[in-house]
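First comes the structure, then the notes that go with it.
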Protein chains: 4
Amino acid sequence: MEELKEECGVFGIYDQNDNLDVSRLVFFALYALQHRGQESCGIAVSTNNEITSHKDMGLVSEVFNNQILGSLKGRIGIGHVRYSTAGASNCLNAQPIVVNYKGGMMAIAHNGNLVNAEALRRDMSDTGSIFVADADTELVIKIVSKHLVANQNHEIALEKTMQELSGSYAMVLLLPGKLVGVRDPNGIRPLCIGKLKKSYVLSSESCAFSTIGAEFVRDVLPGEIITIDEDGLHSYQTKTPDRSAMCIFEYVYFARPDSYIDGASVHQARFEAGKRLAIEHPVEADLVIGVPDSALSAALGYSQQSGIPYGHGLIRNRYIGRTFIQPTQSLRDMSVRIKFSVLQNAIEGKRIVLLDDSIVRGTTTRIIVQMLKDAGAKEVHMRISSAPVKFPCYYGIDIASASQLIASKLSVEQICQMIGADSLGYLSLLGMLQTPVGIKGGLCDACFTGKYCVQE
Amino acid sequence: MEELKEECGVFGIYDQNDNLDVSRLVFFALYALQHRGQESCGIAVSTNNEITSHKDMGLVSEVFNNQILGSLKGRIGIGHVRYSTAGASNCLNAQPIVVNYKGGMMAIAHNGNLVNAEALRRDMSDTGSIFVADADTELVIKIVSKHLVANQNHEIALEKTMQELSGSYAMVLLLPGKLVGVRDPNGIRPLCIGKLKKSYVLSSESCAFSTIGAEFVRDVLPGEIITIDEDGLHSYQTKTPDRSAMCIFEYVYFARPDSYIDGASVHQARFEAGKRLAIEHPVEADLVIGVPDSALSAALGYSQQSGIPYGHGLIRNRYIGRTFIQPTQSLRDMSVRIKFSVLQNAIEGKRIVLLDDSIVRGTTTRIIVQMLKDAGAKEVHMRISSAPVKFPCYYGIDIASASQLIASKLSVEQICQMIGADSLGYLSLLGMLQTPVGIKGGLCDACFTGKYCVQE
Amino acid sequence: MEELKEECGVFGIYDQNDNLDVSRLVFFALYALQHRGQESCGIAVSTNNEITSHKDMGLVSEVFNNQILGSLKGRIGIGHVRYSTAGASNCLNAQPIVVNYKGGMMAIAHNGNLVNAEALRRDMSDTGSIFVADADTELVIKIVSKHLVANQNHEIALEKTMQELSGSYAMVLLLPGKLVGVRDPNGIRPLCIGKLKKSYVLSSESCAFSTIGAEFVRDVLPGEIITIDEDGLHSYQTKTPDRSAMCIFEYVYFARPDSYIDGASVHQARFEAGKRLAIEHPVEADLVIGVPDSALSAALGYSQQSGIPYGHGLIRNRYIGRTFIQPTQSLRDMSVRIKFSVLQNAIEGKRIVLLDDSIVRGTTTRIIVQMLKDAGAKEVHMRISSAPVKFPCYYGIDIASASQLIASKLSVEQICQMIGADSLGYLSLLGMLQTPVGIKGGLCDACFTGKYCVQE
Amino acid sequence: MEELKEECGVFGIYDQNDNLDVSRLVFFALYALQHRGQESCGIAVSTNNEITSHKDMGLVSEVFNNQILGSLKGRIGIGHVRYSTAGASNCLNAQPIVVNYKGGMMAIAHNGNLVNAEALRRDMSDTGSIFVADADTELVIKIVSKHLVANQNHEIALEKTMQELSGSYAMVLLLPGKLVGVRDPNGIRPLCIGKLKKSYVLSSESCAFSTIGAEFVRDVLPGEIITIDEDGLHSYQTKTPDRSAMCIFEYVYFARPDSYIDGASVHQARFEAGKRLAIEHPVEADLVIGVPDSALSAALGYSQQSGIPYGHGLIRNRYIGRTFIQPTQSLRDMSVRIKFSVLQNAIEGKRIVLLDDSIVRGTTTRIIVQMLKDAGAKEVHMRISSAPVKFPCYYGIDIASASQLIASKLSVEQICQMIGADSLGYLSLLGMLQTPVGIKGGLCDACFTGKYCVQE
């Protein structure tokens, strides 16, 4: 689909006398989480209570080098990749945030979005507090500090912090002598536990575990506080709502297909959605293709269910880079044309089923359909492996306002006409709920339904 | 397969009163050719005989920005992306090379490798010539200049130049008032002609045409000199050997699948090789997967021929970046593990046919097979969609010496054991020749056979 | 003398409908204050309560360019150049610091050093406060914010802030709709008021006024709060000690000679000290020279009083740059030899009186004396235009500990021998007090006497 | 005076088993020559015939760091600082130029300007030669290579090269196993020999010797070729005109005052010119000041001769940086006001004699006079320590055309009025010839007289 501003990714590791190269492992893990944020990244490590850190704007491969990694020595490390959901794009908002507090130094890396940030900020300002950056993370660390000073026990301090926060958050904290992971009571954002030799690691997605050779242990539970120290791993469960509300869009688009979230394989979830879509919206056609990379699993599922051969029709350019140069007016659709190219040979004269995971504004989809037709596709049948996105997200996905969402303004028929496809079929919400992930339940589907799990 | 050092890509455009944004079109075309070289890139444009240019180390997205492109104004433009085949990796070797000569200014962008470079260099040094860089291109432009000064007609000058050069070369030249393209008499490297409105363009691969909205016209013929000026396109055919010798590895690995080279679709060539391979080396299995991106087409072909379902099993990380940080000894296989990840869910418990396009040293293949087994694959059957690479290439591909080529030292059985696969099958040379590309003929297959088309 | 870590410089401007280019004027003013700090610099401007800012490590000429200045639009602007006196050398400590507080946004630029910083930090940490950077400025702005929230009137808020702070501080604040300047009750650091057309400006030194074409109005008084808003300039006087304690070292070394501080010309102060020194320590010699740039005024004074001709003997290299490459052991004295060179022709065979403003460690002085002797000086008589520096400074000058101060360990005779001079004379403290600046009084001379004006 | 585009500086060293840190010594020497060029710089060193080099745009302190210097290992080294006199400002023109030729590798660093460059370029182009850059140096190295290939003996090869070149040149060459220095037959540009332990060094100016601890040996003679190899230093004298023609402007403005050129101290030359000027253009005044840095020596001389006290009145800002931001129209004179500031205290109410070395366009002078008057100077009497510059220079000084030279268009009275001075006196040409340097003779004074020593 069109690039959604992605969220953040967090990672943490505590070396349990395994003699690990902590900063390098965080570095490699951030490579595996890079799809969750390409704007800035950072690593903080702790040696004898002193935290050293490095962060900057840019990709993991741009921000770090051997010399920098060599200077980050420590037994505990946390890392972050970021795409701003709240807070402007600047260096002040890069994470981890490292601060001095009464207990020494601490660092935090955070993924999520608070819905009561403004109210919290207002309350704290009333007592004189100042805010350097405009990201939620600064707010969170101030509240954490307040409760850490007031409570000997860090779990109680964090529980009190959680009682003040409304919204989504999955975070890792580097406290003196401890690595701590926290997931919000609804479990909106993912966080999971892995193990490398005797050492525990925490990650937004399990895909980072394979990269560094760690094994998946389990997901952090909604409302759970995980503490890792020299005695090993400890769990502290805070109060949670009856029902969790894991973001369904992680399965639809955000997460890497090789990740497992709350027990479900992301690839499998997409594959099953594709199969279900073939049942709901069958069509006579010659070839099923997907928009790379996120819709390929669904395309495979559609193909398998429908019996229509799967093939490659769109190639994604590997060398786009972050800073794209705006084409002049006469070179309008260039940004899509540079990102994707069509395998004319595979497409020509064929009736194509084109899978994508979602439609946001519809402009990218329109150009891709046109490219396929220009390459000689006889028909293009668009199939979307999720329901129409009609409502904004307040928990971290950058779907800013309903007015930008084509499905909130146009009917399916109108969208089909606008994107120039021969037919258009969305997987129904009911269909989504009949896939294994849907049946499992405990999902936040507010972007499809408008039913929000957390309110300010 | 393991990353081969790739070659270079060239592009040229002559604005036939279409009022084109020449430098920006070259820029976008270089994006589409970026897979042919990520080390350095450059653009040279000409306005009233004066050439302005910009080149640097880095990706197209890193080297250019709006301001630089805005300063490159002209009616004729050429561009280059480079991976060094000859010449050290430094800024002096970046192209296009721009020089002053008797006739004014000229620029050249060149893809290929001369086998008589040393002899030519020696001859010219004997008369006092100096060389700033160590790339072939400096040599070529000196010879071009010599003949241009001696001959009024630039086609005769270039024909005489070509008589001095042995090896592979496809190049574009920016001469006063003209854009010129030249392909070596054996046609080892590709070069083709496209058209955008009334304006002609030249490109290493046709994939750049789609990006900028140009149409494919035809390939430049072996030994052909194409001149584009205000009167349009002119062809001048020099003497060629009886048989052309287009590099077969362009089809196997280098070119982008959406390109057409000498009349054949690269995707189709790989797909057919995959089908042929399924006939030569059938196996009972549950899933066919390919190493992304170059082996996906062959995997589809193998699946279609064999009836074994096609699936995704390996994901390629999109955010590797160019400057990779070497892992420490204890993190040995990290470079492969960061580049690829396994879809455990799709692999687990299955007998896998794993397609790749070739094996060079075998180390990457070994790690990938291991990763699949670690993820629970019951069997891994390796299938290579080309014959064993046993001989070095002297025409531009960085297969430096036979001793680095595992197939020149080990038998197929030994390689199979070394990479840890349950079986290993290479497409036979005969099989390659029975695919449409093979039947078409006119290929250089020296890396498989040791029969070189050009000698010093 | 040997490079003392210099302090910071601050600047502010409020455009009183003069249609000024505010950010560019701050930029040019910072050029004039660059001698007060070369480590980092920054500018913050305010437009409709929104503050935009830019700061980075580096010189003014490196940190800003036309594009950045063009993006800093506003009616009120403040700027800062910094050499760290407290706080490590990193980007987090660069100023101005810009924060959101209850009242909107504010920014602060600060020169000075608090002696009770640690105690304040401890107190605030006890209530949960966190600190991102380790500079005093973060502390100050938190206290300012606290009092601004509690007090409608910003002058009262600042007065209460001042009651909490002990030490030296001269600062400018950008509050909503206001530019504010504050000088500590002892007046340790300088701050003065200028006027450009109808608009008021504030600056650490008056030399910035000439650069931007402003006129000197008066010094900010110790303990005075200056507010500039659309109604013009307002003064609010807080309680001060009986006696001010302006840093005498500003006259001796820090300030630019064309500045006027608290009514005295810096050049004149040095010139008179040189004259007085000639009375206290006369010598028979052929030539008076000074170590450039800070001792040239004193050398002129010594020459005029003694009748010994003034000349040039040492040249200062204009192109040193900030990041000096450490010579290897065998190239030991290189850093001094690169910075200064000797006019052998002017020196040879002569008895030289060499003026410097002070001696800290003595190493630079020793090498300079040696260079003069190597160039053929018959005698070198060292004359120091201030008293021996024996005590550390707690108010902002980087004279870290008594043990580094040669005069706290050795007698004048021993120092003379150590630096290899033929004689050595310091201006006596009494002598300093008999110069016009000394007579004027109200100076902090703790580095000479150990009598500190402010204690924690 | 107004900044003249300065020329280049060259340096060379041959380690005669002294175990020197060659690249670091070249680096420190370039610091001392930085005043001769701030645009680009470079170092080339040779180890076993292989030359390694590094060059870039920027100051010595910006282009080199410890890592780069560490990678430049060798026994022989040459270096260059550049301000373009011919050739555009870009990286291609940076020096040393390093090339491969028949004999191996060689490198060249060159200061000067050829008057027959265009003719030479034309001749070489006629035989097919190409030129990458547009600086003379590329031309020179091609001719050197041609003769080195044709002649066993490098001295004969260089002599033949010199016979082809017309104009000014002082250069150092790094040939296999040798360091070579060459000065043009008129000796227009300076070049001198020093010795560090047993090792010889070559430098544009002797000031670099003091920096690295070398001793001045002698000047290279006009037309002399100096070769330094493992047998020591060899001289080869080529034919020269009867009379040498050392550039008089080196004494007036370019050279550093602590340098000795052709037997004369630069400081002394300026001092004597100032004395002579006081005789030719006496005036009643209270204070003599000079425009820093180049006119300070002359101001001292004027003061001593006239008996009027010498003082400081103008301070030069040490932190200008290379990339100056253009002020807006309303901040017109800013570039001068940032560079210089006035010591009002020293100037106020006084009649000032203001010394400068020359006037080119007159704009800077006009602003400085205005600044002095604004600061309260009662009278400003301008005195110029050289004759009026009326003719362009073809040998390397960037006095492009007569039309830019105010003295070629206006009378002295008119200039005086234009710059707003109360009186203006230039040192007469006769006066210049009566100073010791003038009496010594052998000078090129074409910029004053229009009598050029070399013609194309």
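Letters A, B, ... go to the chains of the structure tokens in the order shown; residues in each chain start at 1; ligands are counted from 1 in the same order.
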
Which residues are near Ser210 in chain A? Cut-off 12 Å, only C-alpha atoms, ignore same chain within fewer than 2 positions. Put them as an MDAnalysis selection string. (chainID A and resid 25 28:29 31:33 194:196 201 203 205:208 212:216 258:260) or (chainID B and resid 333:334 336:344 371:372 374:375)

Counting only C-alpha atoms, a student should be able to say which residues of chain C come within 7 Å of chain A; what is the right answer, written as number ranges by chain? C: 98-102, 125-132, 142, 145-146, 149

Could those selected residues go to a file with N, CA and C atoms, as a PDB file, in the first residue's frame?
```pdb
ATOM      1  N   VAL C  98      15.746  25.853  24.304  1.00  0.00           N
ATOM      2  CA  VAL C  98      14.369  26.243  24.001  1.00  0.00           C
ATOM      3  C   VAL C  98      13.438  25.233  24.648  1.00  0.00           C
ATOM      4  N   VAL C  99      12.470  25.692  25.397  1.00  0.00           N
ATOM      5  CA  VAL C  99      11.546  24.766  26.045  1.00  0.00           C
ATOM      6  C   VAL C  99      10.102  25.248  25.925  1.00  0.00           C
ATOM      7  N   ASN C 100       9.192  24.287  26.073  1.00  0.00           N
ATOM      8  CA  ASN C 100       7.787  24.595  26.258  1.00  0.00           C
ATOM      9  C   ASN C 100       7.521  24.658  27.759  1.00  0.00           C
ATOM     10  N   TYR C 101       6.784  25.664  28.187  1.00  0.00           N
ATOM     11  CA  TYR C 101       6.375  25.716  29.596  1.00  0.00           C
ATOM     12  C   TYR C 101       4.917  26.163  29.613  1.00  0.00           C
ATOM     13  N   LYS C 102       4.405  26.285  30.766  1.00  0.00           N
ATOM     14  CA  LYS C 102       2.979  26.607  30.864  1.00  0.00           C
ATOM     15  C   LYS C 102       2.601  27.840  30.043  1.00  0.00           C
ATOM     16  N   SER C 125      16.162  16.881  42.150  1.00  0.00           N
ATOM     17  CA  SER C 125      16.076  15.436  41.912  1.00  0.00           C
ATOM     18  C   SER C 125      15.223  14.764  42.976  1.00  0.00           C
ATOM     19  N   ASP C 126      15.299  15.284  44.175  1.00  0.00           N
ATOM     20  CA  ASP C 126      14.530  14.695  45.274  1.00  0.00           C
ATOM     21  C   ASP C 126      13.033  14.730  45.015  1.00  0.00           C
ATOM     22  N   THR C 127      12.594  15.664  44.184  1.00  0.00           N
ATOM     23  CA  THR C 127      11.168  15.704  43.866  1.00  0.00           C
ATOM     24  C   THR C 127      10.897  15.093  42.494  1.00  0.00           C
ATOM     25  N   GLY C 128      11.866  14.375  41.961  1.00  0.00           N
ATOM     26  CA  GLY C 128      11.622  13.624  40.730  1.00  0.00           C
ATOM     27  C   GLY C 128      12.144  14.276  39.462  1.00  0.00           C
ATOM     28  N   SER C 129      12.756  15.442  39.582  1.00  0.00           N
ATOM     29  CA  SER C 129      13.228  16.119  38.371  1.00  0.00           C
ATOM     30  C   SER C 129      14.314  15.316  37.682  1.00  0.00           C
ATOM     31  N   ILE C 130      14.335  15.423  36.341  1.00  0.00           N
ATOM     32  CA  ILE C 130      15.379  14.765  35.554  1.00  0.00           C
ATOM     33  C   ILE C 130      16.187  15.824  34.828  1.00  0.00           C
ATOM     34  N   PHE C 131      17.408  15.473  34.482  1.00  0.00           N
ATOM     35  CA  PHE C 131      18.287  16.395  33.777  1.00  0.00           C
ATOM     36  C   PHE C 131      18.871  15.726  32.556  1.00  0.00           C
ATOM     37  N   VAL C 132      18.632  16.326  31.421  1.00  0.00           N
ATOM     38  CA  VAL C 132      19.128  15.734  30.177  1.00  0.00           C
ATOM     39  C   VAL C 132      20.602  16.076  29.985  1.00  0.00           C
ATOM     40  N   LYS C 142      14.727  25.557  34.523  1.00  0.00           N
ATOM     41  CA  LYS C 142      13.718  24.868  35.329  1.00  0.00           C
ATOM     42  C   LYS C 142      13.245  25.760  36.480  1.00  0.00           C
ATOM     43  N   SER C 145      11.127  28.552  35.100  1.00  0.00           N
ATOM     44  CA  SER C 145       9.791  28.072  34.745  1.00  0.00           C
ATOM     45  C   SER C 145       8.916  27.935  35.992  1.00  0.00           C
ATOM     46  N   LYS C 146       9.523  27.370  37.038  1.00  0.00           N
ATOM     47  CA  LYS C 146       8.768  27.181  38.282  1.00  0.00           C
ATOM     48  C   LYS C 146       8.205  28.512  38.786  1.00  0.00           C
ATOM     49  N   VAL C 149       5.489  30.158  36.516  1.00  0.00           N
ATOM     50  CA  VAL C 149       4.169  29.555  36.673  1.00  0.00           C
ATOM     51  C   VAL C 149       3.497  30.078  37.946  1.00  0.00           C
TER      52      VAL C 149
END
```

Would you please give, as an MDAnalysis selection string, all residues of range 28-127 of chain A that DSSP assigns to alpha helix (DSSP H) based on the backbone? chainID A and resid 28:33 60:63 66:71 117:126

Selection: 7 Å around Cys41 in chain A, only C-alpha atoms, excl. self and same-chain fewer than 6 positions, as a list in words: Lys55, Asp56, Met57, Gly58, Leu59, Val60, His80, Val81, Arg82, Ala94 and Gln95 of chain A

Please produce a file of the residues just selected, as a PDB file, in the first residue's frame, where the atoms kept are C-alpha atoms.
```
ATOM      1  CA  LYS A  55      21.727   8.598  18.390  1.00  0.00           C
ATOM      2  CA  ASP A  56      21.173  10.594  15.251  1.00  0.00           C
ATOM      3  CA  MET A  57      18.899  11.122  12.275  1.00  0.00           C
ATOM      4  CA  GLY A  58      19.317   8.404   9.654  1.00  0.00           C
ATOM      5  CA  LEU A  59      19.301   4.674   9.059  1.00  0.00           C
ATOM      6  CA  VAL A  60      21.113   2.244  11.348  1.00  0.00           C
ATOM      7  CA  HIS A  80      15.450   2.366  19.120  1.00  0.00           C
ATOM      8  CA  VAL A  81      14.455   3.032  15.535  1.00  0.00           C
ATOM      9  CA  ARG A  82      11.966   5.793  14.988  1.00  0.00           C
ATOM     10  CA  ALA A  94      15.558  10.788  18.670  1.00  0.00           C
ATOM     11  CA  GLN A  95      15.702   7.979  21.236  1.00  0.00           C
TER      12      GLN A  95
END
```

Could you please write out, as number ranges by chain, every residue of range 220-359 of chain A that DSSP assigns to strand (DSSP E or B)? A: 224-229, 232-237, 246-247, 260-261, 264-265, 287-290, 310, 314-316, 340-342, 351-356
